[in-house]
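Trainee: Starting off with a structure, shown below.
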Amino acid sequence: MKMKRVCLIVLDSLGIGNAPDAKAYGDEGANTLKSIMGAHPDLPNLTDLGLYNAARLPEAIEDPLGCYGRMTEASAGKDTTTGHWEMAGLPVPTAFPVFPDGFPQELIDRFEEEVGLGVIGNVAASGTEIIERLGDEHIRTGKLIVYTSADSVFQIAAHEAIVPPAELWHICRMARRMLVGEYGVGRVIARPFIGNPGSFERTGNRRDFSLDPTGKTMLDLIKDAGKDVIGVGKIEDIFNHRGLTQSNHASGNEACIDAMVDYLKQDRWRGLVFANLVDGDMMYGHRRDADGYARMLEAFDRRLPEIMRLLGEDAMLIITADHGCDPGYRGTDHTREQVPVLAYSLGALEGVDLGERKSFADVSATILEALGIKEKLTGTSFFSQIID
């Protein structure tokens with residue numbers, strides 16, 4: 001049995017703890033889902049799909065409707081690009097460079113000369129904290145706020161009244177061309193904001209500018225096979241627009257879910273719809289807001305039956321994550337964790353324990369087999385385990 005359509009949803013940052021090498025990343029003991037459980041989320045549909053079984057939490061049930069397992073990242077790093085590339089069949093053996101003390105001054109000097117604007121900041125910082133601290137100076141001087149984090153990112157924040165989003169995106173593209181080789185960060189991120197000192201607010205005009213994938217991904221193989229590859233949310237940014245046949249750069253979880261539902265209602269496409277739901281990471285994980293994270297998961301859980309009803313008998317749903325961002329852990333950065341993998345289809349067996357998967361790439365191997373694509377990438381498919 002082959003599938004006509006696959007819906008892949010990434011719950012950005014929903015780690016489930018216990019990465020074998022977490023200690024090497026300074027993340028020993030981090031567990032995003034366990035921390036969220038302290039806010040007592042009501043997740044009946046994710047429970048039925050086997051989320052707690054995958055996470056080995058006491059809330060696990062005896063007979064899940066879905067198939068469930070946990071995956072360990074084979075790549076070096078714990079960022080968005082690395083996690084998504086690996087689940088698309090392209091592991092990243094060498095971590096992207098990070099700059100915990102800010103970027104070298106000679107690089108900042110070149111950037112200022114290239115874009116014709118000055119820079120303030122150039123430190124590792126929380127995005128909300130740095131715009132509150134430097135936003136007023138940015139408005140007075142017109143200088144760009146540049147900052148980074150524990151992830152491999154070059155972030156540029158600017159008030160939309162000072163640097164309109166389209167101009168900021170252009171500046172980020174210029175930075176992306178500069179940031180190669182030893183400075184080849186995984187992403188350049190535009191961080192527009194609005195408001196006044198003391199009440200600045202980031203907007204939905206964020207854009208990520210990633211490196212071009214260094215090899216083939218499942219997106220390329222599915223597209224080359226003449227099928228549809230539809231990105232929702234920041235998927236187009238993560239893969240630098242490669243391998244997609246269409247995209248909806250929806251902002252926020254609800255808009256992304258609406259876009260997925262609209263695509264699932266359309267019968268004419270065949271292939272993959274690939275969505276990133278970023279709110280857990282951006283709005284709650286980095287801000288260490290376990291209660292907000294729990295409420296976000298509840299909102300997603302309420303939409304799950306709608307998605308599942310639209311699958312039909314020849315489609316499969318896979319839900320996973322790309323890394324952790326434990327709201328109960330120290331700091332404000334991503335955490336190196338295992339992630340859940342949940343699979344559901346009307347044509348699949350129920351309650352299959354997919355066990356410990358050695359790579360996120362098992363997702364791509366499964367999707368390629370499900371869609372009947374013979375060319376292989378890395379990873380081990382679990383499709384034959386769940387289809388009778």
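Going through the structure tokens in order, the chains are called A, B, and so on, while each chain numbers its residues from 1 and the ligands are numbered from 1 in the order shown.
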So which residues touch Ala157 of chain A within 10 Å, counting only C-alpha atoms, skipping near sequence neighbours fewer than 4 positions away, as a compact mmCIF listing (two decimals) with N, CA, C and O atoms, in the first residue's frame?

Mentor:
```txt
# COMPACT_ATOMS: atom_id res chain seq x y z
N GLY A 127 16.12 37.82 22.21
CA GLY A 127 15.59 38.78 21.26
C GLY A 127 14.68 39.82 21.88
O GLY A 127 14.73 41.00 21.53
N ILE A 130 16.90 42.26 24.08
CA ILE A 130 17.81 43.19 23.43
C ILE A 130 17.06 44.33 22.75
O ILE A 130 17.56 45.46 22.69
N ILE A 131 15.84 44.08 22.26
CA ILE A 131 15.12 45.21 21.66
C ILE A 131 14.62 46.17 22.73
O ILE A 131 14.55 47.38 22.50
N LEU A 134 18.00 48.08 23.58
CA LEU A 134 18.63 48.90 22.54
C LEU A 134 17.65 49.52 21.57
O LEU A 134 18.05 50.26 20.67
N GLY A 135 16.36 49.22 21.72
CA GLY A 135 15.38 49.73 20.77
C GLY A 135 15.35 51.25 20.68
O GLY A 135 15.25 51.81 19.58
N HIS A 138 18.33 52.46 18.78
CA HIS A 138 18.12 52.15 17.36
C HIS A 138 17.23 53.20 16.69
O HIS A 138 17.53 53.69 15.60
N LYS A 143 20.74 52.88 13.68
CA LYS A 143 21.67 51.75 13.61
C LYS A 143 20.91 50.43 13.81
O LYS A 143 19.94 50.36 14.56
N LEU A 144 21.39 49.40 13.14
CA LEU A 144 20.77 48.08 13.22
C LEU A 144 21.18 47.37 14.50
O LEU A 144 22.34 47.45 14.93
N ILE A 145 20.23 46.65 15.10
CA ILE A 145 20.55 45.81 16.26
C ILE A 145 20.95 44.43 15.75
O ILE A 145 20.14 43.72 15.15
N VAL A 146 22.21 44.07 15.94
CA VAL A 146 22.71 42.75 15.53
C VAL A 146 22.99 41.94 16.79
O VAL A 146 23.61 42.44 17.73
N TYR A 147 22.54 40.72 16.80
CA TYR A 147 22.79 39.86 17.95
C TYR A 147 22.76 38.40 17.52
O TYR A 147 22.38 38.06 16.40
N VAL A 163 13.24 50.91 9.61
CA VAL A 163 13.68 50.07 8.49
C VAL A 163 12.50 49.19 8.11
O VAL A 163 12.20 48.21 8.81
N LEU A 168 14.63 45.46 5.42
CA LEU A 168 15.35 44.60 6.36
C LEU A 168 15.63 43.24 5.73
O LEU A 168 16.72 42.68 5.91
N ILE A 189 18.54 35.96 10.39
CA ILE A 189 17.12 36.12 10.73
C ILE A 189 16.77 37.60 10.83
O ILE A 189 17.42 38.35 11.57
N ALA A 190 15.76 38.01 10.07
CA ALA A 190 15.21 39.36 10.18
C ALA A 190 14.21 39.39 11.33
O ALA A 190 13.28 38.58 11.38
N ARG A 191 14.38 40.35 12.25
CA ARG A 191 13.53 40.44 13.43
C ARG A 191 12.88 41.82 13.52
O ARG A 191 13.26 42.66 14.34
N PRO A 192 11.88 42.10 12.70
CA PRO A 192 11.21 43.40 12.76
C PRO A 192 10.40 43.54 14.05
O PRO A 192 9.86 42.56 14.57
N PHE A 193 10.29 44.78 14.53
CA PHE A 193 9.45 45.03 15.70
C PHE A 193 8.76 46.38 15.56
O PHE A 193 9.11 47.20 14.70
N ARG A 202 7.64 42.27 18.74
CA ARG A 202 8.08 41.70 17.46
C ARG A 202 6.87 41.36 16.60
O ARG A 202 5.82 40.97 17.11
N ARG A 206 8.95 38.37 10.43
CA ARG A 206 10.22 37.66 10.53
C ARG A 206 10.47 36.86 9.25
O ARG A 206 9.56 36.27 8.67
```

Trainee: Using the chain letters and numbers from this document, which residues of segment 6-188 of chain A does DSSP assign to alpha helix (DSSP H), as a ChimeraX atom specification?

Mentor: /A:32-37,44-49,51-55,80-87,105-115,127-141,165-178

Trainee: At a cut-off of 7 Å, using only C-alpha atoms, what residues contact segment 333-335 of chain A? Leave out same-chain residues fewer than 3 positions from it and give the result as a compact mmCIF listing (two decimals) with all heavy atoms, in the first residue's frame.

Mentor:
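Saved to out_18.txt:
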```
# COMPACT_ATOMS: atom_id res chain seq x y z
N ASP A 27 23.29 20.28 28.39
CA ASP A 27 21.84 20.19 28.51
C ASP A 27 21.38 18.96 29.28
O ASP A 27 20.23 18.51 29.14
CB ASP A 27 21.20 20.17 27.11
CG ASP A 27 21.40 21.47 26.36
OD1 ASP A 27 21.48 22.51 27.02
OD2 ASP A 27 21.47 21.44 25.12
N ALA A 30 17.62 18.20 30.66
CA ALA A 30 16.56 19.00 30.01
C ALA A 30 15.47 18.07 29.48
O ALA A 30 15.75 17.00 28.94
CB ALA A 30 17.15 19.83 28.87
N LYS A 78 21.95 21.68 17.66
CA LYS A 78 20.60 21.59 18.23
C LYS A 78 19.77 22.77 17.74
O LYS A 78 19.02 23.38 18.51
CB LYS A 78 20.67 21.57 19.76
CG LYS A 78 21.50 22.69 20.37
CD LYS A 78 21.51 22.63 21.90
CE LYS A 78 22.34 23.76 22.49
NZ LYS A 78 22.30 23.78 23.96
N ASP A 79 19.92 23.08 16.46
CA ASP A 79 19.20 24.23 15.92
C ASP A 79 18.16 23.80 14.91
O ASP A 79 18.04 22.63 14.54
CB ASP A 79 20.16 25.28 15.34
CG ASP A 79 20.99 24.75 14.19
OD1 ASP A 79 20.57 23.78 13.52
OD2 ASP A 79 22.08 25.31 13.93
N ALA A 150 22.97 31.07 21.46
CA ALA A 150 23.74 29.82 21.48
C ALA A 150 23.58 29.05 20.17
O ALA A 150 24.34 28.12 19.90
CB ALA A 150 23.29 28.95 22.64
N HIS A 286 11.77 29.80 24.29
CA HIS A 286 12.84 30.76 24.53
C HIS A 286 12.50 31.72 25.66
O HIS A 286 13.39 32.24 26.34
CB HIS A 286 13.14 31.55 23.26
CG HIS A 286 13.91 30.77 22.23
ND1 HIS A 286 15.18 30.29 22.48
CD2 HIS A 286 13.60 30.40 20.97
CE1 HIS A 286 15.63 29.65 21.40
NE2 HIS A 286 14.67 29.69 20.48
N HIS A 323 14.13 19.82 17.86
CA HIS A 323 15.07 19.96 18.97
C HIS A 323 14.24 20.24 20.21
O HIS A 323 13.00 20.20 20.16
CB HIS A 323 16.07 21.11 18.73
CG HIS A 323 15.44 22.41 18.34
ND1 HIS A 323 14.71 23.18 19.22
CD2 HIS A 323 15.40 23.08 17.16
CE1 HIS A 323 14.26 24.26 18.61
NE2 HIS A 323 14.65 24.22 17.34
N GLY A 324 14.87 20.54 21.33
CA GLY A 324 14.14 20.95 22.52
C GLY A 324 14.34 22.43 22.80
O GLY A 324 15.21 23.08 22.23
N CYS A 325 13.50 22.97 23.68
CA CYS A 325 13.69 24.32 24.21
C CYS A 325 12.95 24.34 25.55
O CYS A 325 11.87 24.91 25.67
CB CYS A 325 13.16 25.38 23.25
SG CYS A 325 13.77 27.05 23.60
N ASP A 326 13.56 23.71 26.53
CA ASP A 326 12.91 23.40 27.80
C ASP A 326 12.62 24.67 28.59
O ASP A 326 13.54 25.37 29.04
CB ASP A 326 13.84 22.48 28.60
CG ASP A 326 13.23 22.00 29.91
OD1 ASP A 326 12.18 22.55 30.31
OD2 ASP A 326 13.80 21.09 30.52
```

Trainee: Could you produce a table of the residues of segment 165-260 of chain A lying within 9 Å of segment 291-302 of chain A, with the nearest pair of atoms per residue and their separation in Å rounded to one decimal, using only C-alpha atoms, ordered by chain and increasing residue number, as CSV?

Mentor:
```
residue,atom,partner,partner_atom,distance
A:Asn253,CA,A:Phe300,CA,7.9
A:Glu254,CA,A:Phe300,CA,8.1
A:Ile257,CA,A:Phe300,CA,8.2
```

Trainee: Take the residues that were just selected and, keeping N, CA, C and O atoms, output them as a short mmCIF file (atom, residue, chain, number, x, y, z; two decimals), in the first residue's frame.

Mentor:
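Result file is again.cif:
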```cif
data_model
loop_
_atom_site.label_atom_id
_atom_site.label_comp_id
_atom_site.auth_asym_id
_atom_site.auth_seq_id
_atom_site.Cartn_x
_atom_site.Cartn_y
_atom_site.Cartn_z
N ASN A 253 1.07 29.72 14.65
CA ASN A 253 0.53 28.37 14.56
C ASN A 253 -0.86 28.31 13.94
O ASN A 253 -1.15 27.46 13.09
N GLU A 254 -1.77 29.19 14.37
CA GLU A 254 -3.13 29.11 13.88
C GLU A 254 -3.19 29.33 12.37
O GLU A 254 -3.91 28.62 11.66
N ILE A 257 -1.86 26.20 10.68
CA ILE A 257 -2.83 25.10 10.71
C ILE A 257 -3.95 25.37 9.72
O ILE A 257 -4.39 24.46 9.00
#
```

Trainee: Out of A:Gly195, A:Gly184, A:Gly26, A:Gly116, which residue has the shortest atom-to-atom distance to Thr94 of chain A when counting only C-alpha atoms?

Mentor: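 Closest residue, counting only C-alpha atoms: A:Gly184.
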
Trainee: Quick one: residues within 10 Å of Leu211 of chain A, only C-alpha atoms, excluding same-chain residues fewer than 4 positions away - as a ChimeraX atom specification?

Mentor: /A:81,176-177,179-180,184-188,237-240

Trainee: Using the selection just defined, write its residues with C-alpha atoms as a PDB file, in the first residue's frame.

Mentor:
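That gives us out07.pdb:
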```pdb
ATOM      1  CA  THR A  81      18.223  24.130  10.303  1.00  0.00           C
ATOM      2  CA  ARG A 176      23.634  35.970   3.973  1.00  0.00           C
ATOM      3  CA  ARG A 177      25.983  36.428   0.995  1.00  0.00           C
ATOM      4  CA  LEU A 179      28.291  34.828   5.967  1.00  0.00           C
ATOM      5  CA  VAL A 180      30.045  31.865   4.389  1.00  0.00           C
ATOM      6  CA  GLY A 184      28.739  30.387   7.616  1.00  0.00           C
ATOM      7  CA  VAL A 185      25.992  30.537  10.259  1.00  0.00           C
ATOM      8  CA  GLY A 186      22.970  28.341   9.747  1.00  0.00           C
ATOM      9  CA  ARG A 187      20.525  31.246   9.500  1.00  0.00           C
ATOM     10  CA  VAL A 188      20.371  34.995   9.103  1.00  0.00           C
ATOM     11  CA  ASP A 237      13.272  29.690   4.658  1.00  0.00           C
ATOM     12  CA  ILE A 238      14.865  26.622   6.251  1.00  0.00           C
ATOM     13  CA  PHE A 239      15.464  24.988   2.858  1.00  0.00           C
ATOM     14  CA  ASN A 240      16.267  28.266   1.082  1.00  0.00           C
TER      15      ASN A 240
END
```

Trainee: Running DSSP on the backbone, which parts of segment 63-255 of chain A land in strand (DSSP E or B), as number ranges by chain?

Mentor: A: 67-71, 119-124, 144-148, 153-159, 187-194, 201-202, 207-210, 228-232, 246-248

Trainee: Kindly give the distance, in Å, that separates atom CA of Leu304 of chain A and atom CA of Arg287 of chain A, rounded to a single decimal.

Mentor: 25.4 Å
